[in-house]
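Colleague: The structure under discussion is supplied below as structure tokens; questions concerning it will follow.
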Amino acid sequence: SCAALRSRSSMTSVLSSNPSVDGSLKSILGVCVDLVDAEGGTIYLHDPVRRLLEFSYVLPPEMNEHLRGQTFPDTQGITGAAFTSRKSRIDNELASSREHDARYDAVTKRTTRSLITVPLLVGGDDALGVLQVINKRNGGFSESDLKLLEIVASVSAMVIHNSQLAEQAKKAAEHAGDGTGEQVSAVFREILGLAAKGRPKPLAKPADEAPREPREARHGFSERGSVARAVSHLSQ
């Protein structure tokens with residue numbers, strides 16, 4: 001689809017640019033909303049000390065002004081259920097759902113008709129938060145939409161985690177008072193940038209070794225970010 005093709009360059013840019021946490025959230029959510037033709041979405045980040053989920057970034061932007069920074073228990077509602085179970089879900093019949101918390105509809109003055117909710121997992125079962133998109137523009141969300149968002153979420157969690165680590169490293173160095181904070185941050189971004197751009201080129205092969213068919217020819221997609229490859233492959 002057109003949305004899937006547009007997501008290729010957008011997500012590759014997120015992976016290679018290593019923005020701040022806020023920049024990561026904004027870029028990732030924009031890709032996800034566009035990818036499944038949703039009206040908006042939210043990335044919730046988890047506070048493990050207080051056991052809360054926070055509206056960390058919301059689309060469309062006018063909803064971000066109303067909801068950003070608000071928190072709720074990490075077991076509450078559909079979002080909490082996805083977070084605690086570590087399982088993604090589609091909800092296309094929210095009018096009859098007992099789990100849906102309609103209080104936020106009153107705040108935003110919009111009716112939530114449908115949702116896809118995906119936990120942001122790193123290291124297997126460690127959840128950073130939840131990715132959620134709202135209201136498919138035409139009809140309800142599909143299993144194909146869910147699979148695409150799970151692919152994006154798997155790499156998005158890594159991007160967010162890396163951005164958080166970079167900011168923590170910078171703050172720690174600045175707290176030390178030796179003026180190395182920006183240097184630490186720059187080095188960290190460089191390391192993550194190299195990781196996002198892919199593996200280094202292999203060493204030259206022995207002359208007697210038969211040349212291998214390029215990866216692009218074997219699998220039908222180029223050596224780019226894992227999200228971009230997977231989304232492109234699924235959308236064909």
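Labeling convention for the structure tokens: chains A, B, ... as they appear, residues from 1 per chain, ligands from 1 in order of appearance.
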To test your reading of the structure, identify every residue in segment 27-208 of chain A that backbone DSSP assigns to strand (DSSP E or B), and report it as a ChimeraX atom specification.
Modeller: /A:38-47,52-59,71-73,89-91,115-122,126-136
Colleague: For segment 42-54 of chain A, list every protein, DNA or RNA residue within 9 Å, evaluated using only C-alpha atoms, and leave out those in the same chain fewer than 5 positions away; present the list as a list in words.
Modeller: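 Neighbouring residues, sequence-local ones excluded: Leu25, Lys26, Ile28, Leu29, Leu59, Asn64, Arg68, Gly69, Gln70, Thr71, Phe72, Pro73, Asp74, Thr75, Thr79, Gly80, Leu120, Ala127, Leu128, Gly129, Val130, Leu131, Gln132, Val133 and Ile134 of chain A.
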Colleague: Determine the nearest neighbour of Gly139 of chain A from the options A:Leu115, A:Arg110, A:Ala169, A:Arg89, counting only C-alpha atoms.
Modeller: A:Leu115
Colleague: So, counting only C-alpha atoms, which residue among A:Leu67, A:Leu35, A:Val58, A:Ala81 is closest to Tyr104 of chain A?
Modeller: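 Closest to Tyr104 of chain A, using only C-alpha atoms: A:Leu67.
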Colleague: With only C-alpha atoms as the basis for distance, which of A:Ala166, A:Val31, A:Leu94, A:Val107 is at the shortest distance from Glu62 of chain A?
Modeller: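 Of all the options, A:Val107 lies closest to Glu62 of chain A.
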Colleague: Name the closest residue to Val159 of chain A among the candidates A:Leu146, A:Val36, A:Leu121, A:Ala172; distances are taken between atoms, counting only C-alpha atoms.
Modeller: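 Using only C-alpha atoms, the shortest distance to Val159 of chain A belongs to A:Leu121.
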Colleague: Between atom CA of Thr84 of chain A and atom CA of Ala106 of chain A, what distance in Å does the model show, to one decimal?
Modeller: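 It comes out at 25.5 Å.
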Colleague: For Asn162 of chain A, which residue among A:Ser24, A:Thr108, A:His66, A:Asp126 is the nearest when counting only C-alpha atoms?
Modeller: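 Comparing A:Ser24, A:Thr108, A:His66, A:Asp126 against Asn162 of chain A, the winner is A:Ser24.
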Colleague: Between atom CA of Pro61 of chain A and atom CA of Asp105 of chain A, what is the distance, to one decimal in Å?
Modeller: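 Spanning atom CA of Pro61 of chain A to atom CA of Asp105 of chain A is a straight-line distance of 15.5 Å.
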Colleague: Determine which residues of segment 2-181 of chain A receive a DSSP assignment of helix (DSSP H, G or I), computed from the backbone, and state them as a tab-separated table (two decimals) with N, CA and C atoms, in the first residue's frame.
Modeller:
chain	number	residue	atom	x	y	z
A	2	CYS	N	0.26	2.39	-0.34
A	2	CYS	CA	1.01	3.65	-0.35
A	2	CYS	C	1.53	3.99	1.04
A	3	ALA	N	0.70	3.75	2.06
A	3	ALA	CA	1.13	4.06	3.43
A	3	ALA	C	2.33	3.22	3.82
A	4	ALA	N	2.33	1.95	3.43
A	4	ALA	CA	3.45	1.08	3.77
A	4	ALA	C	4.72	1.53	3.08
A	5	LEU	N	4.58	1.97	1.82
A	5	LEU	CA	5.76	2.44	1.10
A	5	LEU	C	6.30	3.72	1.72
A	6	ARG	N	5.41	4.62	2.14
A	6	ARG	CA	5.87	5.85	2.77
A	6	ARG	C	6.57	5.57	4.09
A	7	SER	N	6.13	4.52	4.77
A	7	SER	CA	6.73	4.20	6.08
A	7	SER	C	8.17	3.75	5.95
A	8	ARG	N	8.57	3.25	4.78
A	8	ARG	CA	9.93	2.76	4.61
A	8	ARG	C	10.95	3.87	4.88
A	9	SER	N	10.79	4.99	4.19
A	9	SER	CA	11.76	6.07	4.37
A	9	SER	C	11.61	6.73	5.74
A	10	SER	N	10.38	6.83	6.25
A	10	SER	CA	10.16	7.47	7.54
A	10	SER	C	10.83	6.68	8.66
A	11	MET	N	10.62	5.36	8.68
A	11	MET	CA	11.16	4.57	9.77
A	11	MET	C	12.68	4.46	9.66
A	12	THR	N	13.22	4.36	8.44
A	12	THR	CA	14.66	4.33	8.27
A	12	THR	C	15.29	5.61	8.80
A	13	SER	N	14.62	6.74	8.57
A	13	SER	CA	15.11	8.02	9.09
A	13	SER	C	15.14	8.03	10.60
A	14	VAL	N	14.09	7.48	11.24
A	14	VAL	CA	14.05	7.42	12.70
A	14	VAL	C	15.21	6.60	13.24
A	15	LEU	N	15.47	5.46	12.60
A	15	LEU	CA	16.52	4.56	13.09
A	15	LEU	C	17.90	5.16	12.95
A	16	SER	N	18.12	5.93	11.88
A	16	SER	CA	19.47	6.42	11.62
A	16	SER	C	19.77	7.76	12.27
A	17	SER	N	18.72	8.54	12.60
A	17	SER	CA	18.97	9.88	13.11
A	17	SER	C	19.14	9.92	14.63
A	21	VAL	N	14.16	11.35	22.99
A	21	VAL	CA	13.01	10.49	23.29
A	21	VAL	C	11.75	11.11	22.68
A	22	ASP	N	11.53	12.40	22.90
A	22	ASP	CA	10.34	13.06	22.35
A	22	ASP	C	10.31	12.98	20.83
A	23	GLY	N	11.47	13.18	20.22
A	23	GLY	CA	11.54	13.10	18.76
A	23	GLY	C	11.24	11.70	18.26
A	24	SER	N	11.74	10.69	18.98
A	24	SER	CA	11.46	9.30	18.62
A	24	SER	C	9.97	9.01	18.69
A	25	LEU	N	9.33	9.42	19.78
A	25	LEU	CA	7.91	9.14	19.96
A	25	LEU	C	7.08	9.78	18.86
A	26	LYS	N	7.37	11.03	18.55
A	26	LYS	CA	6.62	11.75	17.52
A	26	LYS	C	6.78	11.07	16.16
A	27	SER	N	8.00	10.72	15.80
A	27	SER	CA	8.25	10.12	14.49
A	27	SER	C	7.63	8.73	14.38
A	28	ILE	N	7.82	7.92	15.41
A	28	ILE	CA	7.30	6.55	15.39
A	28	ILE	C	5.78	6.55	15.31
A	29	LEU	N	5.13	7.38	16.12
A	29	LEU	CA	3.68	7.40	16.12
A	29	LEU	C	3.14	7.89	14.78
A	30	GLY	N	3.80	8.87	14.19
A	30	GLY	CA	3.38	9.35	12.89
A	30	GLY	C	3.44	8.26	11.83
A	31	VAL	N	4.49	7.46	11.85
A	31	VAL	CA	4.62	6.34	10.91
A	31	VAL	C	3.48	5.35	11.11
A	32	CYS	N	3.19	5.02	12.38
A	32	CYS	CA	2.18	4.00	12.68
A	32	CYS	C	0.78	4.45	12.27
A	33	VAL	N	0.43	5.69	12.58
A	33	VAL	CA	-0.88	6.21	12.22
A	33	VAL	C	-1.05	6.20	10.71
A	34	ASP	N	-0.03	6.62	9.99
A	34	ASP	CA	-0.07	6.65	8.54
A	34	ASP	C	-0.15	5.24	7.95
A	35	LEU	N	0.57	4.33	8.55
A	35	LEU	CA	0.70	2.97	8.02
A	35	LEU	C	-0.64	2.25	7.96
A	61	PRO	N	-2.12	16.40	16.87
A	61	PRO	CA	-1.46	17.30	17.81
A	61	PRO	C	-2.39	17.99	18.80
A	62	GLU	N	-3.61	18.31	18.39
A	62	GLU	CA	-4.52	18.98	19.33
A	62	GLU	C	-4.91	18.07	20.48
A	63	MET	N	-4.88	16.75	20.25
A	63	MET	CA	-5.16	15.80	21.33
A	63	MET	C	-3.95	15.69	22.27
A	64	ASN	N	-2.77	15.89	21.73
A	64	ASN	CA	-1.56	15.87	22.55
A	64	ASN	C	-1.61	16.94	23.63
A	65	GLU	N	-2.17	18.10	23.28
A	65	GLU	CA	-2.29	19.19	24.24
A	65	GLU	C	-3.21	18.83	25.40
A	66	HIS	N	-4.25	18.05	25.12
A	66	HIS	CA	-5.22	17.69	26.15
A	66	HIS	C	-4.75	16.53	27.04
A	67	LEU	N	-4.03	15.58	26.45
A	67	LEU	CA	-3.79	14.31	27.13
A	67	LEU	C	-2.36	14.08	27.59
A	77	GLY	N	-8.02	-0.74	32.02
A	77	GLY	CA	-8.59	-0.68	30.68
A	77	GLY	C	-7.90	-1.56	29.66
A	78	ILE	N	-8.18	-1.27	28.40
A	78	ILE	CA	-7.63	-2.04	27.29
A	78	ILE	C	-6.11	-1.88	27.22
A	79	THR	N	-5.65	-0.65	27.43
A	79	THR	CA	-4.21	-0.39	27.38
A	79	THR	C	-3.48	-1.15	28.47
A	80	GLY	N	-4.00	-1.11	29.69
A	80	GLY	CA	-3.40	-1.84	30.79
A	80	GLY	C	-3.43	-3.34	30.58
A	81	ALA	N	-4.51	-3.85	29.98
A	81	ALA	CA	-4.60	-5.29	29.72
A	81	ALA	C	-3.53	-5.73	28.73
A	82	ALA	N	-3.31	-4.93	27.69
A	82	ALA	CA	-2.28	-5.28	26.71
A	82	ALA	C	-0.89	-5.19	27.34
A	83	PHE	N	-0.70	-4.19	28.21
A	83	PHE	CA	0.60	-4.02	28.86
A	83	PHE	C	0.90	-5.19	29.80
A	84	THR	N	-0.03	-5.55	30.65
A	84	THR	CA	0.23	-6.59	31.64
A	84	THR	C	0.30	-7.98	31.03
A	85	SER	N	-0.48	-8.22	29.98
A	85	SER	CA	-0.47	-9.54	29.33
A	85	SER	C	0.66	-9.69	28.33
A	94	LEU	N	-15.97	-1.00	20.25
A	94	LEU	CA	-15.77	-0.37	21.56
A	94	LEU	C	-17.07	0.12	22.20
A	95	ALA	N	-18.09	0.34	21.40
A	95	ALA	CA	-19.36	0.81	21.96
A	95	ALA	C	-19.92	-0.18	22.97
A	96	SER	N	-19.60	-1.46	22.78
A	96	SER	CA	-20.13	-2.50	23.67
A	96	SER	C	-19.05	-3.07	24.59
A	103	ARG	N	-13.86	7.99	29.55
A	103	ARG	CA	-13.60	9.30	30.13
A	103	ARG	C	-12.73	10.17	29.23
A	104	TYR	N	-11.77	9.52	28.53
A	104	TYR	CA	-10.86	10.29	27.68
A	104	TYR	C	-11.58	10.78	26.42
A	105	ASP	N	-12.64	10.08	26.01
A	105	ASP	CA	-13.45	10.58	24.89
A	105	ASP	C	-14.10	11.90	25.27
A	106	ALA	N	-14.51	12.00	26.53
A	106	ALA	CA	-15.13	13.24	27.00
A	106	ALA	C	-14.13	14.38	27.00
A	107	VAL	N	-12.89	14.08	27.36
A	107	VAL	CA	-11.84	15.10	27.40
A	107	VAL	C	-11.54	15.62	25.99
A	108	THR	N	-11.43	14.68	25.03
A	108	THR	CA	-11.04	15.05	23.67
A	108	THR	C	-12.23	15.40	22.79
A	143	GLU	N	-6.34	-7.91	10.77
A	143	GLU	CA	-5.18	-8.68	11.25
A	143	GLU	C	-3.91	-8.24	10.54
A	144	SER	N	-4.05	-7.84	9.28
A	144	SER	CA	-2.89	-7.34	8.54
A	144	SER	C	-2.37	-6.05	9.17
A	145	ASP	N	-3.28	-5.16	9.58
A	145	ASP	CA	-2.88	-3.94	10.28
A	145	ASP	C	-2.13	-4.28	11.56
A	146	LEU	N	-2.66	-5.24	12.29
A	146	LEU	CA	-2.04	-5.63	13.56
A	146	LEU	C	-0.62	-6.16	13.33
A	147	LYS	N	-0.44	-7.01	12.32
A	147	LYS	CA	0.88	-7.58	12.06
A	147	LYS	C	1.88	-6.48	11.69
A	148	LEU	N	1.45	-5.53	10.88
A	148	LEU	CA	2.34	-4.43	10.49
A	148	LEU	C	2.77	-3.63	11.73
A	149	LEU	N	1.82	-3.33	12.61
A	149	LEU	CA	2.16	-2.55	13.79
A	149	LEU	C	3.03	-3.34	14.76
A	150	GLU	N	2.87	-4.64	14.83
A	150	GLU	CA	3.73	-5.45	15.69
A	150	GLU	C	5.17	-5.41	15.19
A	151	ILE	N	5.33	-5.41	13.87
A	151	ILE	CA	6.68	-5.30	13.29
A	151	ILE	C	7.30	-3.95	13.64
A	152	VAL	N	6.53	-2.89	13.42
A	152	VAL	CA	7.03	-1.55	13.74
A	152	VAL	C	7.33	-1.41	15.22
A	153	ALA	N	6.43	-1.94	16.06
A	153	ALA	CA	6.59	-1.82	17.52
A	153	ALA	C	7.85	-2.52	18.01
A	154	SER	N	8.20	-3.66	17.39
A	154	SER	CA	9.37	-4.41	17.85
A	154	SER	C	10.65	-3.59	17.70
A	155	VAL	N	10.75	-2.81	16.62
A	155	VAL	CA	11.93	-1.98	16.42
A	155	VAL	C	11.76	-0.63	17.11
A	156	SER	N	10.53	-0.14	17.19
A	156	SER	CA	10.28	1.13	17.87
A	156	SER	C	10.69	1.06	19.33
A	157	ALA	N	10.43	-0.08	19.97
A	157	ALA	CA	10.82	-0.23	21.37
A	157	ALA	C	12.33	-0.08	21.52
A	158	MET	N	13.08	-0.64	20.57
A	158	MET	CA	14.54	-0.52	20.61
A	158	MET	C	14.96	0.93	20.42
A	159	VAL	N	14.31	1.64	19.49
A	159	VAL	CA	14.64	3.04	19.22
A	159	VAL	C	14.38	3.89	20.47
A	160	ILE	N	13.22	3.70	21.08
A	160	ILE	CA	12.88	4.47	22.28
A	160	ILE	C	13.84	4.16	23.41
A	161	HIS	N	14.13	2.87	23.60
A	161	HIS	CA	15.06	2.46	24.66
A	161	HIS	C	16.43	3.08	24.46
A	162	ASN	N	16.91	3.06	23.23
A	162	ASN	CA	18.22	3.64	22.93
A	162	ASN	C	18.23	5.15	23.17
A	163	SER	N	17.14	5.82	22.80
A	163	SER	CA	17.05	7.26	23.03
A	163	SER	C	17.05	7.56	24.53
A	164	GLN	N	16.35	6.74	25.30
A	164	GLN	CA	16.34	6.92	26.76
A	164	GLN	C	17.74	6.73	27.33
A	165	LEU	N	18.45	5.71	26.86
A	165	LEU	CA	19.81	5.47	27.36
A	165	LEU	C	20.74	6.63	27.02
A	166	ALA	N	20.60	7.17	25.80
A	166	ALA	CA	21.45	8.28	25.39
A	166	ALA	C	21.21	9.50	26.29
A	167	GLU	N	19.93	9.79	26.59
A	167	GLU	CA	19.63	10.92	27.45
A	167	GLU	C	20.12	10.70	28.87
A	168	GLN	N	19.99	9.46	29.38
A	168	GLN	CA	20.47	9.15	30.72
A	168	GLN	C	21.98	9.29	30.81
A	169	ALA	N	22.69	8.86	29.76
A	169	ALA	CA	24.14	8.95	29.75
A	169	ALA	C	24.59	10.41	29.76
A	170	LYS	N	23.87	11.23	28.97
A	170	LYS	CA	24.21	12.65	28.92
A	170	LYS	C	23.97	13.32	30.27
A	171	LYS	N	22.84	13.02	30.90
A	171	LYS	CA	22.51	13.62	32.20
A	171	LYS	C	23.52	13.20	33.26
A	172	ALA	N	23.92	11.92	33.23
A	172	ALA	CA	24.88	11.43	34.21
A	172	ALA	C	26.21	12.14	34.07
A	173	ALA	N	26.66	12.34	32.83
A	173	ALA	CA	27.93	13.01	32.60
A	173	ALA	C	27.85	14.49	33.00
A	174	GLU	N	26.70	15.12	32.71
A	174	GLU	CA	26.53	16.52	33.08
A	174	GLU	C	26.49	16.67	34.60
A	175	HIS	N	25.90	15.71	35.27
A	175	HIS	CA	25.82	15.75	36.73
A	175	HIS	C	27.21	15.64	37.35
A	176	ALA	N	28.10	14.93	36.65
A	176	ALA	CA	29.46	14.79	37.16
A	176	ALA	C	30.21	16.11	37.13
A	181	GLY	N	29.20	15.82	29.10
A	181	GLY	CA	27.85	15.37	28.78
A	181	GLY	C	27.57	15.32	27.30
Colleague: Just give me the gap between atom CA of Gly41 of chain A and atom CA of Val122 of chain A in Å, one decimal is fine.
Modeller: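 So the answer is 20.7 Å.
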